[in-house]
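Engineer: Got a structure for you, final.csv, holding CSV, C-alpha atoms and all ligand atoms.
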```
chain,number,residue,atom,x,y,z
A,1,MET,CA,29.7,-7.0,23.5
A,2,LYS,CA,28.7,-4.9,20.5
A,3,LYS,CA,31.5,-6.5,18.4
A,4,ILE,CA,30.3,-10.0,19.4
A,5,LEU,CA,26.8,-9.2,18.3
A,6,VAL,CA,27.9,-7.9,15.0
A,7,LEU,CA,30.0,-11.0,14.4
A,8,VAL,CA,27.1,-13.3,15.4
A,9,SER,CA,24.7,-11.6,13.0
A,10,PHE,CA,27.3,-11.6,10.2
A,11,LEU,CA,27.9,-15.3,10.7
A,12,CYS,CA,24.1,-15.9,10.8
A,13,CYS,CA,23.8,-14.2,7.4
A,14,LEU,CA,26.7,-16.2,6.0
A,15,THR,CA,25.1,-19.5,7.2
A,16,MET,CA,21.7,-18.5,5.8
A,17,THR,CA,23.2,-17.7,2.4
A,18,ALA,CA,25.2,-20.9,2.5
A,19,MET,CA,22.0,-22.8,3.1
A,20,GLY,CA,20.4,-21.0,0.2
A,21,GLU,CA,18.0,-19.1,2.4
A,22,THR,CA,17.3,-15.4,2.1
A,23,PRO,CA,15.0,-13.5,4.3
A,24,GLU,CA,11.4,-13.6,2.9
A,25,LYS,CA,10.9,-10.6,0.5
A,26,LEU,CA,8.0,-8.5,1.6
A,27,GLY,CA,5.1,-8.9,-0.7
A,28,ALA,CA,6.9,-11.3,-3.0
A,29,THR,CA,3.4,-12.6,-3.8
A,30,PRO,CA,0.3,-10.5,-3.1
A,31,ALA,CA,-0.5,-10.2,0.6
A,32,MET,CA,-3.2,-12.5,2.1
A,33,GLY,CA,-5.0,-11.6,5.3
A,34,TRP,CA,-8.0,-10.1,6.9
A,35,ASN,CA,-9.0,-6.5,7.7
A,36,SER,CA,-11.7,-5.1,10.0
A,37,TRP,CA,-13.2,-2.3,7.8
A,38,ASN,CA,-15.6,-3.9,5.2
A,39,LYS,CA,-17.6,-5.7,7.9
A,40,PHE,CA,-17.1,-3.9,11.1
A,41,ASN,CA,-16.3,-0.3,10.2
A,42,CYS,CA,-15.5,1.5,13.4
A,43,GLN,CA,-17.1,-1.1,15.7
A,44,ILE,CA,-13.8,-2.8,16.6
A,45,ASN,CA,-12.3,-3.9,19.9
A,46,GLN,CA,-9.7,-6.3,21.3
A,47,GLN,CA,-12.1,-9.2,21.9
A,48,LEU,CA,-13.3,-9.1,18.3
A,49,ILE,CA,-9.7,-9.2,17.1
A,50,HIS,CA,-8.8,-12.0,19.5
A,51,GLU,CA,-11.7,-14.0,18.1
A,52,ILE,CA,-10.7,-13.2,14.5
A,53,ILE,CA,-7.2,-14.5,15.2
A,54,ASP,CA,-8.6,-17.7,16.7
A,55,ALA,CA,-10.9,-18.1,13.6
A,56,MET,CA,-8.0,-17.6,11.2
A,57,VAL,CA,-6.6,-20.8,12.6
A,58,SER,CA,-9.7,-22.8,13.4
A,59,THR,CA,-11.3,-22.3,10.0
A,60,GLY,CA,-8.2,-23.3,8.1
A,61,LEU,CA,-7.7,-19.8,6.6
A,62,LYS,CA,-4.2,-19.6,8.0
A,63,ASP,CA,-3.3,-23.0,6.4
A,64,ALA,CA,-4.8,-21.7,3.1
A,65,GLY,CA,-2.2,-18.9,3.2
A,66,TYR,CA,-4.0,-15.9,4.9
A,67,GLN,CA,-1.5,-14.5,7.4
A,68,TYR,CA,-2.2,-10.9,8.2
A,69,VAL,CA,-4.8,-9.7,10.7
A,70,ASN,CA,-5.2,-6.0,10.2
A,71,LEU,CA,-6.9,-3.4,12.2
A,72,ASP,CA,-8.4,-0.6,10.1
A,73,ASP,CA,-9.7,2.8,11.1
A,74,ALA,CA,-10.9,3.7,14.6
A,75,TRP,CA,-8.5,1.7,16.9
A,76,HIS,CA,-6.9,5.0,18.0
A,77,GLY,CA,-7.0,7.0,21.2
A,78,PRO,CA,-5.3,10.3,21.7
A,79,ARG,CA,-1.5,10.8,21.6
A,80,ASP,CA,0.3,10.7,24.9
A,81,GLU,CA,2.2,13.7,26.4
A,82,ASN,CA,5.2,12.9,24.2
A,83,GLY,CA,3.1,12.6,21.0
A,84,PHE,CA,3.1,8.8,20.8
A,85,ILE,CA,-0.2,7.4,19.5
A,86,GLN,CA,-2.1,5.2,21.9
A,87,PRO,CA,-5.1,2.9,21.3
A,88,ASP,CA,-8.6,3.6,22.5
A,89,ALA,CA,-8.2,2.8,26.2
A,90,LYS,CA,-11.6,1.2,26.6
A,91,ARG,CA,-11.9,-0.9,23.5
A,92,PHE,CA,-8.2,-1.9,23.4
A,93,SER,CA,-7.4,-1.9,27.2
A,94,SER,CA,-4.6,-4.4,26.9
A,95,GLY,CA,-2.8,-2.4,24.3
A,96,ILE,CA,-1.8,-3.2,20.7
A,97,LYS,CA,1.3,-5.1,21.6
A,98,ALA,CA,-0.8,-7.7,23.4
A,99,LEU,CA,-2.8,-8.2,20.2
A,100,SER,CA,0.2,-8.5,17.9
A,101,ASP,CA,1.9,-10.9,20.4
A,102,TYR,CA,-1.3,-13.0,20.3
A,103,ALA,CA,-1.3,-13.0,16.5
A,104,HIS,CA,2.4,-13.9,16.4
A,105,SER,CA,1.8,-16.7,19.0
A,106,LYS,CA,-0.6,-18.3,16.5
A,107,GLY,CA,1.9,-18.0,13.6
A,108,LEU,CA,0.1,-15.0,12.1
A,109,LYS,CA,1.1,-11.4,11.4
A,110,PHE,CA,-0.4,-8.2,12.6
A,111,GLY,CA,-1.3,-5.0,10.7
A,112,ILE,CA,-2.4,-1.5,11.5
A,113,TYR,CA,-4.0,1.4,9.8
A,114,THR,CA,-3.1,5.1,9.7
A,115,CYS,CA,-3.7,8.1,7.5
A,116,ALA,CA,-1.3,10.4,5.7
A,117,GLY,CA,-3.5,13.4,6.7
A,118,SER,CA,-4.0,15.2,10.0
A,119,LYS,CA,-7.0,12.9,10.8
A,120,THR,CA,-8.1,9.5,9.5
A,121,CYS,CA,-11.2,9.2,7.4
A,122,ALA,CA,-13.2,8.4,10.6
A,123,ASN,CA,-11.7,11.5,12.3
A,124,TYR,CA,-9.1,9.8,14.5
A,125,PRO,CA,-5.5,11.2,14.8
A,126,GLY,CA,-3.6,10.9,11.5
A,127,SER,CA,0.2,10.6,10.9
A,128,LEU,CA,0.9,13.9,9.3
A,129,GLY,CA,3.9,15.4,11.1
A,130,HIS,CA,4.2,12.3,13.3
A,131,GLU,CA,5.4,9.7,10.7
A,132,TYR,CA,8.7,8.8,12.4
A,133,GLN,CA,7.1,8.6,15.8
A,134,ASP,CA,4.2,6.5,14.5
A,135,ALA,CA,6.4,4.1,12.6
A,136,LEU,CA,8.6,3.7,15.6
A,137,GLN,CA,5.5,3.0,17.8
A,138,TYR,CA,4.2,0.4,15.4
A,139,ALA,CA,7.6,-1.3,15.3
A,140,ARG,CA,7.7,-1.4,19.1
A,141,TRP,CA,4.3,-3.0,19.0
A,142,GLY,CA,5.5,-5.7,16.6
A,143,VAL,CA,3.4,-4.5,13.7
A,144,ASP,CA,4.1,-6.3,10.3
A,145,TYR,CA,1.8,-4.3,7.9
A,146,ILE,CA,0.9,-0.6,7.7
A,147,LYS,CA,-2.0,0.7,5.6
A,148,GLU,CA,-1.8,4.4,5.1
A,149,ASP,CA,-5.0,6.2,4.0
A,150,TRP,CA,-5.4,9.6,2.2
A,151,CYS,CA,-8.1,11.6,4.0
A,152,ASN,CA,-7.6,15.1,5.3
A,153,THR,CA,-4.4,15.6,3.4
A,154,GLU,CA,-5.4,19.0,2.0
A,155,ASN,CA,-2.7,20.0,-0.5
A,156,ILE,CA,0.2,17.8,0.5
A,157,ASN,CA,2.1,16.0,-2.2
A,158,ALA,CA,1.1,12.4,-2.3
A,159,LYS,CA,4.4,11.0,-3.5
A,160,GLY,CA,6.3,13.1,-0.9
A,161,ALA,CA,3.9,12.1,1.9
A,162,TYR,CA,4.1,8.4,1.3
A,163,ARG,CA,7.9,8.6,0.8
A,164,VAL,CA,8.2,10.1,4.3
A,165,MET,CA,6.3,7.2,5.8
A,166,ALA,CA,8.3,4.7,3.8
A,167,ASP,CA,11.5,6.2,5.1
A,168,ALA,CA,10.1,6.3,8.6
A,169,ILE,CA,9.3,2.5,8.3
A,170,GLN,CA,12.8,1.8,7.0
A,171,GLN,CA,14.4,3.8,9.8
A,172,THR,CA,12.7,1.5,12.4
A,173,GLY,CA,14.7,-1.5,11.0
A,174,ARG,CA,11.6,-3.6,11.3
A,175,PRO,CA,10.3,-5.1,8.0
A,176,MET,CA,6.7,-3.8,7.7
A,177,TYR,CA,4.6,-4.3,4.6
A,178,PHE,CA,3.6,-0.8,3.3
A,179,SER,CA,0.1,-0.6,1.8
A,180,LEU,CA,-0.8,2.7,0.2
A,181,CYS,CA,-4.5,3.7,0.3
A,182,GLU,CA,-4.5,6.8,-1.9
A,183,TRP,CA,-7.4,5.5,-4.1
A,184,GLY,CA,-5.4,6.0,-7.4
A,185,THR,CA,-5.9,9.7,-7.3
A,186,ASN,CA,-2.3,10.6,-8.0
A,187,LYS,CA,-1.5,7.5,-10.1
A,188,PRO,CA,0.6,5.7,-7.4
A,189,TRP,CA,1.4,2.9,-9.8
A,190,LEU,CA,3.8,5.4,-11.5
A,191,TRP,CA,5.8,6.1,-8.3
A,192,ALA,CA,5.0,3.8,-5.4
A,193,GLY,CA,6.6,0.6,-6.5
A,194,LYS,CA,10.0,1.8,-5.3
A,195,PHE,CA,9.0,1.9,-1.7
A,196,ALA,CA,5.6,0.3,-1.1
A,197,GLN,CA,4.4,-3.3,-1.5
A,198,SER,CA,0.9,-2.3,-2.9
A,199,TRP,CA,-1.2,0.7,-3.7
A,200,ARG,CA,-5.0,1.0,-4.0
A,201,THR,CA,-6.0,1.8,-7.6
A,202,THR,CA,-9.6,3.0,-7.0
A,203,GLY,CA,-12.0,4.3,-4.5
A,204,ASP,CA,-13.7,2.0,-1.9
A,205,ILE,CA,-15.3,-1.2,-3.0
A,206,GLN,CA,-19.0,-1.6,-2.2
A,207,ASN,CA,-20.8,-4.8,-1.3
A,208,ASN,CA,-22.4,-5.3,-4.7
A,209,PHE,CA,-21.5,-6.8,-8.1
A,210,LYS,CA,-21.8,-3.4,-9.9
A,211,SER,CA,-19.0,-2.1,-7.7
A,212,VAL,CA,-16.9,-5.3,-8.3
A,213,LEU,CA,-17.3,-4.8,-12.1
A,214,SER,CA,-16.6,-1.1,-11.9
A,215,ILE,CA,-13.3,-1.7,-10.0
A,216,LEU,CA,-12.4,-4.5,-12.4
A,217,ASP,CA,-12.8,-2.1,-15.4
A,218,GLN,CA,-10.6,0.5,-13.6
A,219,GLN,CA,-7.7,-1.9,-13.7
A,220,GLN,CA,-7.3,-1.5,-17.5
A,221,GLY,CA,-3.8,-0.5,-18.4
A,222,LEU,CA,-2.3,-1.0,-14.9
A,223,ARG,CA,-1.0,-4.6,-15.2
A,224,LYS,CA,2.4,-3.5,-16.3
A,225,TYR,CA,3.1,-1.7,-13.1
A,226,ALA,CA,2.6,-4.8,-10.9
A,227,GLY,CA,5.0,-7.6,-10.1
A,228,PRO,CA,6.7,-9.3,-7.2
A,229,GLY,CA,7.1,-6.9,-4.3
A,230,HIS,CA,4.8,-4.2,-5.7
A,231,TRP,CA,1.1,-4.8,-6.5
A,232,ASN,CA,-2.0,-3.0,-7.8
A,233,ASP,CA,-4.6,-3.2,-5.0
A,234,PRO,CA,-8.2,-3.2,-6.3
A,235,ASP,CA,-9.4,-3.1,-2.6
A,236,MET,CA,-10.4,-5.6,0.0
A,237,LEU,CA,-12.7,-8.5,-0.6
A,238,GLU,CA,-16.5,-8.4,0.0
A,239,VAL,CA,-16.8,-12.2,-0.3
A,240,GLY,CA,-19.1,-13.5,2.5
A,241,ASN,CA,-20.7,-10.1,3.1
A,242,GLY,CA,-24.0,-10.9,1.4
A,243,MET,CA,-23.6,-11.1,-2.3
A,244,PRO,CA,-25.0,-14.3,-3.9
A,245,VAL,CA,-22.5,-17.2,-4.1
A,246,ASN,CA,-22.1,-16.8,-7.9
A,247,GLU,CA,-21.1,-13.2,-7.5
A,248,ASP,CA,-18.8,-13.9,-4.6
A,249,ARG,CA,-17.1,-16.6,-6.7
A,250,ALA,CA,-16.7,-14.2,-9.7
A,251,HIS,CA,-15.4,-11.5,-7.4
A,252,PHE,CA,-12.8,-13.8,-5.9
A,253,SER,CA,-11.8,-15.3,-9.2
A,254,MET,CA,-11.2,-12.0,-10.8
A,255,TRP,CA,-9.2,-10.7,-7.9
A,256,CYS,CA,-7.0,-13.8,-8.3
A,257,MET,CA,-6.7,-13.2,-12.0
A,258,LEU,CA,-5.5,-9.6,-11.1
A,259,ALA,CA,-2.9,-10.9,-8.7
A,260,ALA,CA,-4.6,-8.7,-6.1
A,261,PRO,CA,-3.8,-8.7,-2.4
A,262,LEU,CA,-6.4,-11.0,-0.9
A,263,ILE,CA,-7.5,-9.2,2.2
A,264,LEU,CA,-10.7,-10.7,3.6
A,265,GLY,CA,-13.4,-8.3,4.7
A,266,ASN,CA,-16.1,-10.7,6.2
A,267,ASP,CA,-16.8,-12.0,9.6
A,268,ILE,CA,-14.7,-15.2,9.5
A,269,ARG,CA,-16.1,-16.4,12.8
A,270,HIS,CA,-19.4,-17.2,11.1
A,271,MET,CA,-18.8,-18.3,7.5
A,272,SER,CA,-21.2,-20.3,5.4
A,273,LYS,CA,-19.8,-23.5,3.8
A,274,GLU,CA,-20.0,-21.7,0.4
A,275,THR,CA,-18.0,-18.7,1.6
A,276,ALA,CA,-15.3,-20.9,3.2
A,277,GLY,CA,-15.2,-22.9,0.0
A,278,ILE,CA,-14.6,-19.9,-2.1
A,279,LEU,CA,-12.0,-18.3,0.2
A,280,MET,CA,-10.1,-21.5,0.7
A,281,ASN,CA,-10.1,-22.8,-2.9
A,282,LYS,CA,-6.4,-23.6,-3.1
A,283,ASP,CA,-6.3,-23.9,-6.8
A,284,VAL,CA,-7.8,-20.5,-7.3
A,285,ILE,CA,-5.5,-19.0,-4.6
A,286,ALA,CA,-2.5,-20.5,-6.4
A,287,VAL,CA,-3.4,-18.4,-9.5
A,288,ASP,CA,-3.2,-15.3,-7.3
A,289,GLN,CA,-0.1,-16.4,-5.6
A,290,ASP,CA,1.7,-17.6,-8.6
A,291,LYS,CA,5.5,-16.9,-8.3
A,292,LEU,CA,5.7,-15.4,-11.8
A,293,GLY,CA,3.7,-12.4,-10.4
A,294,VAL,CA,2.2,-11.4,-13.7
A,295,GLU,CA,-1.3,-9.8,-13.6
A,296,GLY,CA,-3.9,-11.3,-15.9
A,297,LEU,CA,-5.2,-9.6,-19.0
A,298,ARG,CA,-8.7,-9.2,-20.5
A,299,TYR,CA,-7.8,-10.7,-23.9
A,300,ALA,CA,-11.2,-10.6,-25.6
A,301,THR,CA,-14.9,-9.8,-25.0
A,302,ASP,CA,-18.1,-11.1,-26.6
A,303,ASN,CA,-21.3,-9.4,-25.5
A,304,ASP,CA,-21.5,-10.0,-21.8
A,305,LEU,CA,-18.5,-12.4,-21.8
A,306,GLU,CA,-14.9,-11.5,-21.0
A,307,PHE,CA,-12.0,-13.9,-21.7
A,308,TRP,CA,-9.1,-13.4,-19.3
A,309,PHE,CA,-5.6,-15.0,-19.3
A,310,LYS,CA,-2.9,-15.0,-16.7
A,311,PRO,CA,0.5,-16.5,-17.4
A,312,LEU,CA,1.7,-18.9,-14.7
A,313,GLU,CA,4.9,-20.5,-13.7
A,314,GLY,CA,6.1,-23.5,-15.7
A,315,GLY,CA,4.2,-22.6,-18.9
A,316,ASP,CA,0.7,-22.9,-17.4
A,317,TRP,CA,-2.1,-20.4,-18.0
A,318,ALA,CA,-5.0,-19.4,-15.9
A,319,PHE,CA,-8.0,-18.8,-18.1
A,320,CYS,CA,-11.3,-17.3,-16.9
A,321,ILE,CA,-14.5,-16.5,-18.6
A,322,LEU,CA,-16.5,-13.9,-16.8
A,323,ASN,CA,-20.2,-13.5,-17.5
A,324,ARG,CA,-21.2,-9.9,-16.7
A,325,GLY,CA,-24.8,-10.5,-17.6
A,326,THR,CA,-27.5,-12.0,-15.4
A,327,ALA,CA,-28.6,-14.7,-17.9
A,328,PRO,CA,-26.5,-17.9,-18.3
A,329,ALA,CA,-24.4,-17.8,-21.5
A,330,LYS,CA,-23.6,-20.7,-23.8
A,331,TYR,CA,-20.3,-20.5,-25.6
A,332,VAL,CA,-18.3,-22.8,-27.8
A,333,LEU,CA,-14.6,-22.4,-27.0
A,334,ASN,CA,-12.4,-22.6,-30.0
A,335,TRP,CA,-8.9,-22.4,-28.6
A,336,GLN,CA,-7.5,-21.3,-31.9
A,337,LYS,CA,-9.2,-18.0,-31.4
A,338,PHE,CA,-6.9,-17.4,-28.5
A,339,ASN,CA,-3.5,-17.7,-30.1
A,340,PHE,CA,-1.6,-14.6,-28.9
A,341,THR,CA,1.6,-13.4,-27.3
A,342,ASP,CA,1.3,-11.4,-24.2
A,343,ASP,CA,3.5,-8.3,-24.7
A,344,LEU,CA,4.2,-8.0,-21.0
A,345,SER,CA,5.4,-11.5,-20.1
A,346,LYS,CA,6.4,-12.4,-23.7
A,347,ARG,CA,4.5,-15.6,-23.2
A,348,ALA,CA,2.6,-17.1,-26.1
A,349,THR,CA,-0.4,-19.4,-25.8
A,350,ASN,CA,0.6,-21.3,-28.9
A,351,PHE,CA,-2.7,-23.2,-29.1
A,352,ASP,CA,-1.8,-23.9,-32.7
A,353,GLN,CA,1.4,-25.7,-31.8
A,354,MET,CA,0.7,-27.4,-28.5
A,355,VAL,CA,-1.9,-29.1,-26.5
A,356,TYR,CA,-2.9,-28.2,-23.0
A,357,SER,CA,-4.8,-30.3,-20.4
A,358,ILE,CA,-7.7,-28.4,-18.9
A,359,ARG,CA,-8.6,-28.4,-15.2
A,360,ASN,CA,-11.7,-26.7,-13.9
A,361,LEU,CA,-10.7,-24.9,-10.8
A,362,TRP,CA,-14.1,-24.6,-9.3
A,363,THR,CA,-15.5,-28.1,-10.0
A,364,LYS,CA,-12.0,-29.6,-9.6
A,365,LYS,CA,-12.7,-31.8,-12.7
A,366,ASN,CA,-10.3,-32.5,-15.5
A,367,GLU,CA,-12.0,-31.5,-18.7
A,368,GLY,CA,-10.0,-33.0,-21.5
A,369,THR,CA,-7.5,-31.0,-23.6
A,370,SER,CA,-7.3,-28.0,-25.9
A,371,LYS,CA,-7.3,-30.2,-29.0
A,372,ARG,CA,-11.0,-29.9,-29.5
A,373,THR,CA,-13.5,-27.1,-29.2
A,374,LYS,CA,-15.4,-27.1,-26.0
A,375,LYS,CA,-19.0,-26.2,-25.1
A,376,VAL,CA,-19.3,-24.2,-21.9
A,377,ILE,CA,-22.2,-22.6,-20.0
A,378,ILE,CA,-21.3,-19.7,-17.9
A,379,PRO,CA,-24.1,-18.8,-15.4
A,380,GLY,CA,-25.1,-15.2,-14.9
A,381,HIS,CA,-22.7,-13.0,-12.8
A,382,ASP,CA,-20.4,-16.0,-12.5
A,383,VAL,CA,-17.2,-17.4,-14.0
A,384,VAL,CA,-15.8,-20.6,-15.5
A,385,MET,CA,-12.1,-20.8,-14.5
A,386,TYR,CA,-9.5,-23.2,-15.8
A,387,ARG,CA,-5.9,-24.0,-15.4
A,388,LEU,CA,-4.2,-25.0,-18.7
A,389,THR,CA,-1.1,-27.1,-18.4
A,390,PRO,CA,1.0,-28.0,-21.4
A,391,LYS,CA,0.8,-31.7,-22.2
A,392,LYS,CA,4.1,-33.4,-22.5
A,401,LIG,C1,-11.0,4.9,3.4
A,401,LIG,C2,-10.3,3.7,2.9
A,401,LIG,C3,-11.0,2.4,3.4
A,401,LIG,C4,-11.1,2.4,4.9
A,401,LIG,C5,-11.7,3.7,5.4
A,401,LIG,C6,-11.6,3.9,6.9
A,401,LIG,O1,-12.3,5.1,2.9
A,401,LIG,O2,-10.3,3.7,1.5
A,401,LIG,O3,-10.4,1.3,2.9
A,401,LIG,O4,-9.8,2.3,5.4
A,401,LIG,O5,-11.1,4.9,4.8
A,401,LIG,O6,-12.1,5.1,7.4
```
Re-express the file's structure as structure tokens.
Ligand code: GLA

Structural biologist:
Amino acid sequence: MKKILVLVSFLCCLTMTAMGETPEKLGATPAMGWNSWNKFNCQINQQLIHEIIDAMVSTGLKDAGYQYVNLDDAWHGPRDENGFIQPDAKRFSSGIKALSDYAHSKGLKFGIYTCAGSKTCANYPGSLGHEYQDALQYARWGVDYIKEDWCNTENINAKGAYRVMADAIQQTGRPMYFSLCEWGTNKPWLWAGKFAQSWRTTGDIQNNFKSVLSILDQQQGLRKYAGPGHWNDPDMLEVGNGMPVNEDRAHFSMWCMLAAPLILGNDIRHMSKETAGILMNKDVIAVDQDKLGVEGLRYATDNDLEFWFKPLEGGDWAFCILNRGTAPAKYVLNWQKFNFTDDLSKRATNFDQMVYSIRNLWTKKNEGTSKRTKKVIIPGHDVVMYRLTPKK
């Protein structure tokens, strides 16, 4: 029987390869999904998660590419007599498997949270010393994504601790996206790319624009560590949690310029039209999800303005002007000022030798070409974002 199974799986692999299909690489583009923490903190239960799964589909978020539904801290109950972690029996009375099955039945994926320390940040049982057992339990539950936090780790070695969990995940045989949440303390970008799909680069995001800008500034110098299968994670989104629409738009645009994981942190059951419009702007999402997987760079600044470029597939560029100030800024774009070669991707803008057509990704209007200078107004705490495509 065993021999037949081995033969069947071997033949399957052969057929898949012959058809040009390979199993989807985890994190080939930055992960897209939802997580409970930013909006709900510890107030989570199975009904909420059910409703979120339903909303992922009914709002169109799933169709826009968001696939993971991730529980964060505080889903835990105690471990059972054999040391296996169990969910809180009251708030998750049907168990975690029922939730992941429900997510899967809707074509979504399911994620869970743990912590490398003895306890999670909210004081629930952590994975320290239970890594293999926890990974096995998650695999049995059909989990697809594991976020591992860094509270209560005392003096343990970060690289070692996360390596143990990575190995535990691998031993289960179930592909599970591994998201490190070590806040950048031990420079995970230097070592986590070998075994994790993403790593947090900073402390927690707050629901205000100052925090968004501060996190953005802390990404300086990190772009060379990111790429398909291993991403810098500037933390989950606060879009829809109360910032004004211009700030939400700027936050979302910059996360896409950074090729950041797009993990929603709002109550998607009750979204305003504006929030839905930001989160489901397919052109802006396409910048984040671009197959080239090169993080954008801040090429220049001018007072409150920042000029960001991100090389995209097929010779295109994403170009974003961020206004950090509160007053609207007028600017005359002279493309010849932006002739440069990006050392990382080896791509050159070549504005002196070629002409690009310009598409505004927020207004969806085509705005001529790079042949001429261009007057733009960038509202306060907002962006103007373009896709530049070489003209044939
Ligand atoms: C840390 C993490 C957050 C969240 C909380 C949960 O602060 O950085 O993203 O997971 O813990 O307690």

Engineer: Quick one: residues within 8 Å of stretch 333-347 of chain A, only C-alpha atoms counted, chain neighbours fewer than 2 positions away excluded, as a list in words?

Structural biologist: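 Non-adjacent residues within range: Lys224, Val294, Pro311, Tyr331, Thr349, Asn350, Phe351, Asp352, Ser370, Lys371, Arg372, Thr373, Lys374, Lys375 and Val376 of chain A.
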
Engineer: Applying 8 Å and only C-alpha atoms, which residues near A:Gly293 remain after dropping the ones on its own chain fewer than 3 positions away? List them as a short mmCIF file (atom, residue, chain, number, x, y, z; two decimals) with C-alpha atoms, keeping the file's coordinate frame.

Structural biologist:
```cif
data_model
loop_
_atom_site.label_atom_id
_atom_site.label_comp_id
_atom_site.auth_asym_id
_atom_site.auth_seq_id
_atom_site.Cartn_x
_atom_site.Cartn_y
_atom_site.Cartn_z
CA THR A 29 3.40 -12.60 -3.80
CA ALA A 226 2.60 -4.80 -10.90
CA GLY A 227 5.00 -7.60 -10.10
CA PRO A 228 6.70 -9.30 -7.20
CA ALA A 259 -2.90 -10.90 -8.70
CA GLN A 289 -0.10 -16.40 -5.60
CA ASP A 290 1.70 -17.60 -8.60
#
```

Engineer: Between atom CA of A:Val355 and atom CA of A:Thr369, measure the distance and give it in Å to one decimal.

Structural biologist: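 So the answer is 6.6 Å.
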
Engineer: Could you give me the residues within 9 Å of ligand LIG 401 (chain A), counting only C-alpha atoms and all ligand atoms, as a count of residues only?

Structural biologist: 30

Engineer: Of the candidates A:Leu262, A:Lys273, A:Leu305, A:Thr389, which shows the shortest atom-to-atom distance to A:Ala318, using only C-alpha atoms?

Structural biologist: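 Of all the options, A:Thr389 lies closest to A:Ala318.
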
Engineer: I want to know what sits within 10 Å of A:Arg269, based on only C-alpha atoms, with residues of the same chain fewer than 2 positions away left out; could you give that as a PyMOL selection string?

Structural biologist: chain A and resi 48+51-56+58-59+266-267+271-272

Engineer: Can you list, as a list in words, every protein, DNA or RNA residue that comes within 12 Å of A:Gly160 when you count all atoms listed in the file, leaving out same-chain residues fewer than 4 positions away?

Structural biologist: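 Within the cut-off, the hits are Ala116, Leu128, Thr153, Asn155, Ile156, Val164, Met165, Ala166, Asp167, Asn186, Pro188, Trp191, Ala192 and Phe195 of chain A.
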
Engineer: Need the neighbours of (-22.2, -11.2, -0.6): which residues are at most 12 Å away, counting all atoms listed in the file, as number ranges by chain?

Structural biologist: A: 38-39, 206-209, 211-212, 237-252, 265-267, 271-272, 274-275, 278

Engineer: Selected residues, C-alpha atoms, written as a compact mmCIF listing (two decimals), keeping the file's coordinate frame, please.

Structural biologist:
```txt
# COMPACT_ATOMS: atom_id res chain seq x y z
CA ASN A 38 -15.60 -3.90 5.20
CA LYS A 39 -17.60 -5.70 7.90
CA GLN A 206 -19.00 -1.60 -2.20
CA ASN A 207 -20.80 -4.80 -1.30
CA ASN A 208 -22.40 -5.30 -4.70
CA PHE A 209 -21.50 -6.80 -8.10
CA SER A 211 -19.00 -2.10 -7.70
CA VAL A 212 -16.90 -5.30 -8.30
CA LEU A 237 -12.70 -8.50 -0.60
CA GLU A 238 -16.50 -8.40 0.00
CA VAL A 239 -16.80 -12.20 -0.30
CA GLY A 240 -19.10 -13.50 2.50
CA ASN A 241 -20.70 -10.10 3.10
CA GLY A 242 -24.00 -10.90 1.40
CA MET A 243 -23.60 -11.10 -2.30
CA PRO A 244 -25.00 -14.30 -3.90
CA VAL A 245 -22.50 -17.20 -4.10
CA ASN A 246 -22.10 -16.80 -7.90
CA GLU A 247 -21.10 -13.20 -7.50
CA ASP A 248 -18.80 -13.90 -4.60
CA ARG A 249 -17.10 -16.60 -6.70
CA ALA A 250 -16.70 -14.20 -9.70
CA HIS A 251 -15.40 -11.50 -7.40
CA PHE A 252 -12.80 -13.80 -5.90
CA GLY A 265 -13.40 -8.30 4.70
CA ASN A 266 -16.10 -10.70 6.20
CA ASP A 267 -16.80 -12.00 9.60
CA MET A 271 -18.80 -18.30 7.50
CA SER A 272 -21.20 -20.30 5.40
CA GLU A 274 -20.00 -21.70 0.40
CA THR A 275 -18.00 -18.70 1.60
CA ILE A 278 -14.60 -19.90 -2.10
```

Engineer: Using only C-alpha atoms, which protein or nucleic acid residues come within 7 Å of A:Gly315? Drop anything in the same chain fewer than 2 positions from it, and give the result as a VMD selection string.

Structural biologist: chain A and resid 312 to 313 317 389 to 390

Engineer: Any chance you can output those residues with C-alpha atoms as an mmCIF file, in the coordinates of the input?

Structural biologist:
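Listed below is the output, out32.cif:
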```cif
data_model
loop_
_atom_site.group_PDB
_atom_site.id
_atom_site.type_symbol
_atom_site.label_atom_id
_atom_site.label_comp_id
_atom_site.auth_asym_id
_atom_site.auth_seq_id
_atom_site.Cartn_x
_atom_site.Cartn_y
_atom_site.Cartn_z
ATOM 1 C CA LEU A 312 1.700 -18.900 -14.700
ATOM 2 C CA GLU A 313 4.900 -20.500 -13.700
ATOM 3 C CA TRP A 317 -2.100 -20.400 -18.000
ATOM 4 C CA THR A 389 -1.100 -27.100 -18.400
ATOM 5 C CA PRO A 390 1.000 -28.000 -21.400
#
```

Engineer: Which value, in Å to one decimal, gives the distance between atom CA of A:Ser179 and atom CA of A:Ser198?

Structural biologist: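 Going from atom CA of A:Ser179 over to atom CA of A:Ser198, I get 5.1 Å.
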
Engineer: Please, what distance in Å, to one decimal, runs between atom CA of A:Leu222 and atom CA of A:Gly193?

Structural biologist: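 According to the coordinates, atom CA of A:Leu222 and atom CA of A:Gly193 are separated by 12.3 Å.
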
Engineer: When you count all atoms listed in the file, which of these residues is closest to A:Trp255: A:Tyr177, A:Trp308, A:Tyr356, A:Trp362?

Structural biologist: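 The shortest atom-to-atom distance to A:Trp255 comes from A:Trp308.
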
Engineer: Using all atoms listed in the file, can you tell me which of A:Ala260, A:Ala276, A:Met32, A:Ile378 comes closest to A:Lys330?

Structural biologist: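 Among the listed residues, A:Ile378 lies closest to A:Lys330.
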